[in-house]
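One structure below.
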Amino acid sequence: MSALAVEGLIAGYEPDLPIVREASLAVAPGEILAVLGPNGAGKSTLIKAIAGLVRVYGGRVLLEGEEITNAPAHTMVRRGLAFVPQTENVFANLSIAENLDLAAAIVKAPRARVGALYDLFPDLARQRRLAAGRLSGGQRQMLAVARALVVAPRVLMLDEPSAGLSPKLVGQVFEKLLEIRASGVTIVLVEQNVKAALAIADRGVILVEGKERVMGEAQSLMDDPAVAELYLGRSGRHAGEGA
Amino acid sequence: MLQLIADGLVVGSVVSLGAVGLTMTYAILRFANFAHGELLAWGAYLALSMLGILLAIGGAERMVPLSPFSFGWELVVAALVACVGAAAIALVLDKLLFSRLRHGAAITLVIASFGAALALRNLLQFLWGPIPTYYSRELQIAIPLVPRDVLGGMRITPDQLLVLALAAATVVGLHLFLTRTTLGKAMRATALNPQLARVAGVDVDGVIRATWIIGAVLATIAGVLAGLTVQLRPQLGFDLLLPLFAAAILGGIGNVYGAVLGGLIVGLAESLAVPLIGAEYRAAVSFLVIIAILLVRPQGLLGERT
Ligand SMILES: Nc1ncnc2c1ncn2[C@@H]1O[C@H](COP(=O)(O)OP(=O)(O)O)[C@@H](O)[C@H]1O
Ligand SMILES: [Mg+2]
């Protein structure tokens, strides 16, 4: 059974203007799936629709076989699905500790779990009383990921975690993702940074105009001329240069 | 001079409690609730009716004061019941009115709250009549805290001292609530970013209900204290509306601590202005405070620039 599956999903901000148009994809347990595609393809809308933030008008979302289509967004963490939005993904007015404690308290996570996350992110542990709004971009991203992990999700979705980060920081964040995957978490990674994403992903899917176009092993997508073309054709950017 | 400061702090405490509720509603729901003043008035009058019921049940003519205060335990119980009543009003109002308009423009909510305020005020006047009244006719002896020859001296009644103490205790309690409890942190999270709060698992609808309840409870405490130290009159809420907004804006709208600070400053400014401009114009002080802060520092004293 897929850890997460999307079947013929139609979703958007207005009923008569679907952004996601009958998109389908499936993620196997323990896999990293990269969701790629040009700017405006509907990647963020797709991932938000899965997370319950954008209305689904047709199709289904299945989490480990259980239908969660249009379930209230706040119930997702309890179902085992965590989401790291692209921007404004930490509570800037709360301290690091408060960000994590709040997430932990909501799902009644054991105390030890926050401690384990401090082990995984020692930078956060060192400054836990600092307001999250004062963190640097890379540390913010780490906190956002840590906050999502507090709930011990079985599926973790991230929207462009590399956006705005230097290549070195991107490497650090992606390394954490590999560690997280190694602990058994399934990951859906939406990215503009095609090269970096495919380097850690098992498989990739390319979304164009709200529908999946190309799907395949990460390695084969990396060498696929059609992939580069999609990017050149749509956004005028080369596949490897997106950020 | 000292006397004016003491009086100003008492008035300011009441304004602070009301302004905290107003600013919290703004922080969570993003609209200026013009009906908030009416929650103070309704809280005060619900307590009055409950007091009457309790006295009737006890077969008592009037309260036996809990010395040194002017009121008996009946008012304490009545105020607690009134808190529940005011919270119910706020929740019903949200359910029937505000929740249906939430997805539209903020101005729609503001206008709706104006309408709600009018309805609540007129209903209150219809039910309780226009004549000012009191919880207790008991006269209180003011305690001289500072002798007359020091800056004019300062005398304060036990009831007024209680107002100051209750306001201080409420602020401390609120601070602990916002920083130590899950619901408090969830409220701060929701105020910053409701969408992220939902992603983090916060039931935002629950937070909204909690906000109304807390705002209504604080409003009731403020209303009862206003009734206790001044008098009960149907336009209590309307008269306090401008000071409430002045306090909230002065402190930085959405900022709870700012609302407390703003309330005290507004109370002091009103009190100190009386010898200068006369009692009839004290209401204008709040208006001047709003204009001044909007011109000089629109984000408020503790607000952040956006
Ligand atoms: N909040 C919104 N309201 C209305 N339209 C939106 C909103 N967010 C995105 N869109 C539209 O949806 C389309 C897809 O956007 P998005 O999902 O963000 O694409 P991507 O993440 O692939 O760049 C765009 O045309 C964008 O204008
Ligand atoms: Mg996007």
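Chain labels run A, B, ... following the order of the structure tokens; each chain numbers its residues from 1, and ligands are numbered from 1 in the order shown.
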* Residue hits in chain B, query chain A, radius 12 Å, only C-alpha atoms, as a count of residues only -> 32
* Could you give me the residues within region 130-291 of chain B that DSSP places in helix (DSSP H, G or I), as a PyMOL selection string? => chain B and resi 158-180+182-192+194-199+204-229+236-251+256-277+279-291
Under the rule of at most 6 Å, produce a per-residue listing of chain A near ligand 1: chain, number, name, the closest pair of atoms, and the distance in Å, as a Markdown table, using only C-alpha atoms and all ligand atoms.
```
| residue | atom | partner | partner_atom_place_in_ligand_line | distance |
| --- | --- | --- | --- | --- |
| A:Tyr13 | CA | ligand 1 | 4 (C) | 5.2 |
| A:Ile19 | CA | ligand 1 | 12 (O) | 5.5 |
| A:Asn39 | CA | ligand 1 | 23 (O) | 3.8 |
| A:Gly40 | CA | ligand 1 | 19 (O) | 3.4 |
| A:Ala41 | CA | ligand 1 | 22 (O) | 3.8 |
| A:Gly42 | CA | ligand 1 | 17 (O) | 3.2 |
| A:Lys43 | CA | ligand 1 | 22 (O) | 3.7 |
| A:Ser44 | CA | ligand 1 | 21 (O) | 3.6 |
| A:Thr45 | CA | ligand 1 | 17 (O) | 3.7 |
```
Store the residues picked out above in a file with all heavy atoms, as a PDB file, in the first residue's frame.
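Output (part.pdb):
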```pdb
ATOM      1  N   TYR A  13      -8.473  27.343  -5.782  1.00  0.00           N
ATOM      2  CA  TYR A  13      -8.943  28.375  -4.870  1.00  0.00           C
ATOM      3  C   TYR A  13     -10.368  28.807  -5.183  1.00  0.00           C
ATOM      4  O   TYR A  13     -11.037  29.414  -4.369  1.00  0.00           O
ATOM      5  CB  TYR A  13      -7.976  29.559  -4.905  1.00  0.00           C
ATOM      6  CG  TYR A  13      -6.555  29.107  -4.622  1.00  0.00           C
ATOM      7  CD1 TYR A  13      -5.685  28.748  -5.648  1.00  0.00           C
ATOM      8  CD2 TYR A  13      -6.104  28.978  -3.309  1.00  0.00           C
ATOM      9  CE1 TYR A  13      -4.404  28.298  -5.387  1.00  0.00           C
ATOM     10  CE2 TYR A  13      -4.823  28.529  -3.037  1.00  0.00           C
ATOM     11  CZ  TYR A  13      -3.977  28.190  -4.084  1.00  0.00           C
ATOM     12  OH  TYR A  13      -2.719  27.728  -3.812  1.00  0.00           O
ATOM     13  N   ILE A  19      -6.673  24.518 -10.229  1.00  0.00           N
ATOM     14  CA  ILE A  19      -5.236  24.701 -10.437  1.00  0.00           C
ATOM     15  C   ILE A  19      -4.585  23.323 -10.595  1.00  0.00           C
ATOM     16  O   ILE A  19      -3.749  23.108 -11.467  1.00  0.00           O
ATOM     17  CB  ILE A  19      -4.601  25.443  -9.248  1.00  0.00           C
ATOM     18  CG1 ILE A  19      -5.311  26.771  -8.975  1.00  0.00           C
ATOM     19  CG2 ILE A  19      -3.114  25.633  -9.488  1.00  0.00           C
ATOM     20  CD1 ILE A  19      -5.075  27.852  -9.979  1.00  0.00           C
ATOM     21  N   ASN A  39       7.575  26.982 -12.461  1.00  0.00           N
ATOM     22  CA  ASN A  39       6.868  27.939 -11.629  1.00  0.00           C
ATOM     23  C   ASN A  39       5.408  28.027 -12.021  1.00  0.00           C
ATOM     24  O   ASN A  39       5.103  28.094 -13.195  1.00  0.00           O
ATOM     25  CB  ASN A  39       7.508  29.321 -11.821  1.00  0.00           C
ATOM     26  CG  ASN A  39       7.995  29.872 -10.512  1.00  0.00           C
ATOM     27  OD1 ASN A  39       7.400  29.590  -9.469  1.00  0.00           O
ATOM     28  ND2 ASN A  39       9.067  30.628 -10.558  1.00  0.00           N
ATOM     29  N   GLY A  40       4.522  28.007 -11.043  1.00  0.00           N
ATOM     30  CA  GLY A  40       3.107  28.154 -11.355  1.00  0.00           C
ATOM     31  C   GLY A  40       2.440  26.884 -11.840  1.00  0.00           C
ATOM     32  O   GLY A  40       1.290  26.906 -12.255  1.00  0.00           O
ATOM     33  N   ALA A  41       3.168  25.762 -11.784  1.00  0.00           N
ATOM     34  CA  ALA A  41       2.601  24.496 -12.261  1.00  0.00           C
ATOM     35  C   ALA A  41       1.510  23.978 -11.333  1.00  0.00           C
ATOM     36  O   ALA A  41       0.694  23.144 -11.730  1.00  0.00           O
ATOM     37  CB  ALA A  41       3.705  23.454 -12.389  1.00  0.00           C
ATOM     38  N   GLY A  42       1.505  24.468 -10.098  1.00  0.00           N
ATOM     39  CA  GLY A  42       0.511  23.995  -9.142  1.00  0.00           C
ATOM     40  C   GLY A  42       1.080  23.061  -8.091  1.00  0.00           C
ATOM     41  O   GLY A  42       0.325  22.369  -7.401  1.00  0.00           O
ATOM     42  N   LYS A  43       2.397  23.058  -7.937  1.00  0.00           N
ATOM     43  CA  LYS A  43       3.019  22.165  -6.958  1.00  0.00           C
ATOM     44  C   LYS A  43       2.574  22.521  -5.529  1.00  0.00           C
ATOM     45  O   LYS A  43       2.164  21.665  -4.760  1.00  0.00           O
ATOM     46  CB  LYS A  43       4.554  22.249  -7.045  1.00  0.00           C
ATOM     47  CG  LYS A  43       5.111  21.954  -8.418  1.00  0.00           C
ATOM     48  CD  LYS A  43       6.621  22.041  -8.449  1.00  0.00           C
ATOM     49  CE  LYS A  43       7.184  23.422  -8.165  1.00  0.00           C
ATOM     50  NZ  LYS A  43       6.841  24.438  -9.187  1.00  0.00           N
ATOM     51  N   SER A  44       2.663  23.819  -5.229  1.00  0.00           N
ATOM     52  CA  SER A  44       2.271  24.248  -3.876  1.00  0.00           C
ATOM     53  C   SER A  44       0.788  23.993  -3.640  1.00  0.00           C
ATOM     54  O   SER A  44       0.383  23.563  -2.558  1.00  0.00           O
ATOM     55  CB  SER A  44       2.580  25.728  -3.679  1.00  0.00           C
ATOM     56  OG  SER A  44       3.965  25.954  -3.737  1.00  0.00           O
ATOM     57  N   THR A  45      -0.011  24.262  -4.662  1.00  0.00           N
ATOM     58  CA  THR A  45      -1.446  24.047  -4.522  1.00  0.00           C
ATOM     59  C   THR A  45      -1.748  22.567  -4.282  1.00  0.00           C
ATOM     60  O   THR A  45      -2.577  22.219  -3.422  1.00  0.00           O
ATOM     61  CB  THR A  45      -2.180  24.539  -5.782  1.00  0.00           C
ATOM     62  OG1 THR A  45      -1.781  25.898  -6.034  1.00  0.00           O
ATOM     63  CG2 THR A  45      -3.676  24.484  -5.607  1.00  0.00           C
TER      64      THR A  45
END
```
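If you count only C-alpha atoms and ignore residues fewer than 6 places along the chain from region 30-35 of chain A, what sits within 6 Å of it is Gly184, Val185, Thr186, Ile187, Val188, Leu189, Val190, Ala201, Asp202, Arg203, Gly204, Val205 and Ile206 of chain A.
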* Report as a list in words: the residues of region 85-239 of chain A with a DSSP assignment of strand (DSSP E), based on the backbone of this structure. => Val155, Leu156, Met157, Leu158, Asp159, Thr186, Ile187, Val188, Leu189, Val190, Arg203, Gly204, Val205, Ile206, Leu207, Val208, Lys211, Glu212, Arg213, Val214, Met215, Gly216 and Glu217 of chain A
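Of note, CA of Ser183 (chain A) and CA of Gly115 (chain A) are spaced 16.0 Å apart.
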Quick one: everything within 9 Å of region 91-94 of chain B, counting only C-alpha atoms, minus sequence neighbours fewer than 3 positions away in the same chain. Send it as an mmCIF file with all heavy atoms, in the first residue's frame.
```
data_model
loop_
_atom_site.group_PDB
_atom_site.id
_atom_site.type_symbol
_atom_site.label_atom_id
_atom_site.label_comp_id
_atom_site.auth_asym_id
_atom_site.auth_seq_id
_atom_site.Cartn_x
_atom_site.Cartn_y
_atom_site.Cartn_z
ATOM 1 N N ALA B 86 -21.935 36.519 29.695
ATOM 2 C CA ALA B 86 -21.305 37.370 28.680
ATOM 3 C C ALA B 86 -20.557 36.518 27.662
ATOM 4 O O ALA B 86 -20.574 36.808 26.463
ATOM 5 C CB ALA B 86 -20.365 38.370 29.350
ATOM 6 N N ALA B 87 -19.907 35.454 28.141
ATOM 7 C CA ALA B 87 -19.209 34.558 27.221
ATOM 8 C C ALA B 87 -20.210 33.925 26.257
ATOM 9 O O ALA B 87 -19.942 33.794 25.059
ATOM 10 C CB ALA B 87 -18.450 33.479 27.997
ATOM 11 N N ALA B 88 -21.380 33.565 26.775
ATOM 12 C CA ALA B 88 -22.409 32.966 25.923
ATOM 13 C C ALA B 88 -22.853 33.967 24.858
ATOM 14 O O ALA B 88 -23.013 33.611 23.687
ATOM 15 C CB ALA B 88 -23.594 32.509 26.769
ATOM 16 N N LEU B 97 -23.261 35.710 13.619
ATOM 17 C CA LEU B 97 -22.909 36.881 12.822
ATOM 18 C C LEU B 97 -21.486 36.799 12.267
ATOM 19 O O LEU B 97 -21.278 36.647 11.069
ATOM 20 C CB LEU B 97 -23.069 38.129 13.705
ATOM 21 C CG LEU B 97 -22.979 39.483 13.021
ATOM 22 C CD1 LEU B 97 -24.090 39.642 11.997
ATOM 23 C CD2 LEU B 97 -23.061 40.599 14.073
ATOM 24 N N PHE B 98 -20.510 36.887 13.175
ATOM 25 C CA PHE B 98 -19.133 37.074 12.722
ATOM 26 C C PHE B 98 -18.600 35.881 11.930
ATOM 27 O O PHE B 98 -17.901 36.057 10.941
ATOM 28 C CB PHE B 98 -18.217 37.373 13.909
ATOM 29 C CG PHE B 98 -18.600 38.623 14.645
ATOM 30 C CD1 PHE B 98 -18.694 38.639 16.028
ATOM 31 C CD2 PHE B 98 -18.890 39.783 13.949
ATOM 32 C CE1 PHE B 98 -19.058 39.795 16.702
ATOM 33 C CE2 PHE B 98 -19.259 40.946 14.618
ATOM 34 C CZ PHE B 98 -19.343 40.942 16.003
ATOM 35 N N SER B 99 -18.910 34.663 12.362
ATOM 36 C CA SER B 99 -18.339 33.495 11.682
ATOM 37 C C SER B 99 -18.814 33.425 10.234
ATOM 38 O O SER B 99 -18.123 32.906 9.368
ATOM 39 C CB SER B 99 -18.697 32.219 12.428
ATOM 40 O OG SER B 99 -20.060 31.925 12.260
ATOM 41 N N ARG B 100 -20.016 33.970 9.970
ATOM 42 C CA ARG B 100 -20.536 33.923 8.601
ATOM 43 C C ARG B 100 -19.863 34.942 7.696
ATOM 44 O O ARG B 100 -19.920 34.835 6.477
ATOM 45 C CB ARG B 100 -22.031 34.213 8.602
ATOM 46 C CG ARG B 100 -22.826 33.108 9.252
ATOM 47 C CD ARG B 100 -24.211 33.598 9.627
ATOM 48 N NE ARG B 100 -24.798 32.668 10.580
ATOM 49 C CZ ARG B 100 -25.698 31.763 10.236
ATOM 50 N NH1 ARG B 100 -26.110 31.686 9.008
ATOM 51 N NH2 ARG B 100 -26.181 30.934 11.140
ATOM 52 N N ALA B 116 -24.211 45.040 15.807
ATOM 53 C CA ALA B 116 -24.382 44.211 17.000
ATOM 54 C C ALA B 116 -24.348 45.080 18.250
ATOM 55 O O ALA B 116 -25.139 44.875 19.187
ATOM 56 C CB ALA B 116 -23.289 43.144 17.052
ATOM 57 N N ARG B 209 -13.033 30.381 19.718
ATOM 58 C CA ARG B 209 -14.003 30.311 20.821
ATOM 59 C C ARG B 209 -13.352 30.735 22.132
ATOM 60 O O ARG B 209 -13.924 31.501 22.907
ATOM 61 C CB ARG B 209 -14.567 28.886 20.929
ATOM 62 C CG ARG B 209 -15.635 28.570 19.893
ATOM 63 C CD ARG B 209 -16.381 27.283 20.231
ATOM 64 N NE ARG B 209 -15.526 26.114 20.188
ATOM 65 C CZ ARG B 209 -15.237 25.433 19.068
ATOM 66 N NH1 ARG B 209 -15.752 25.820 17.918
ATOM 67 N NH2 ARG B 209 -14.452 24.383 19.118
ATOM 68 N N TRP B 212 -13.055 34.494 22.395
ATOM 69 C CA TRP B 212 -14.309 35.162 22.771
ATOM 70 C C TRP B 212 -14.593 34.993 24.256
ATOM 71 O O TRP B 212 -15.035 35.927 24.934
ATOM 72 C CB TRP B 212 -15.484 34.597 21.951
ATOM 73 C CG TRP B 212 -15.546 35.108 20.548
ATOM 74 C CD1 TRP B 212 -15.431 34.367 19.403
ATOM 75 C CD2 TRP B 212 -15.745 36.462 20.117
ATOM 76 N NE1 TRP B 212 -15.545 35.175 18.292
ATOM 77 C CE2 TRP B 212 -15.732 36.463 18.706
ATOM 78 C CE3 TRP B 212 -15.918 37.673 20.788
ATOM 79 C CZ2 TRP B 212 -15.901 37.625 17.955
ATOM 80 C CZ3 TRP B 212 -16.078 38.823 20.041
ATOM 81 C CH2 TRP B 212 -16.076 38.802 18.645
ATOM 82 N N ILE B 213 -14.357 33.772 24.750
ATOM 83 C CA ILE B 213 -14.653 33.509 26.163
ATOM 84 C C ILE B 213 -13.761 34.376 27.056
ATOM 85 O O ILE B 213 -14.239 35.051 27.974
ATOM 86 C CB ILE B 213 -14.471 32.011 26.477
ATOM 87 C CG1 ILE B 213 -15.564 31.198 25.759
ATOM 88 C CG2 ILE B 213 -14.522 31.766 27.980
ATOM 89 C CD1 ILE B 213 -15.374 29.695 25.822
#
```
* Using only C-alpha atoms, which of the listed residues (A:Met157, A:Ala228, A:Ala11, A:Ala163) sits closest to Val214 (chain A)? -> A:Ala228
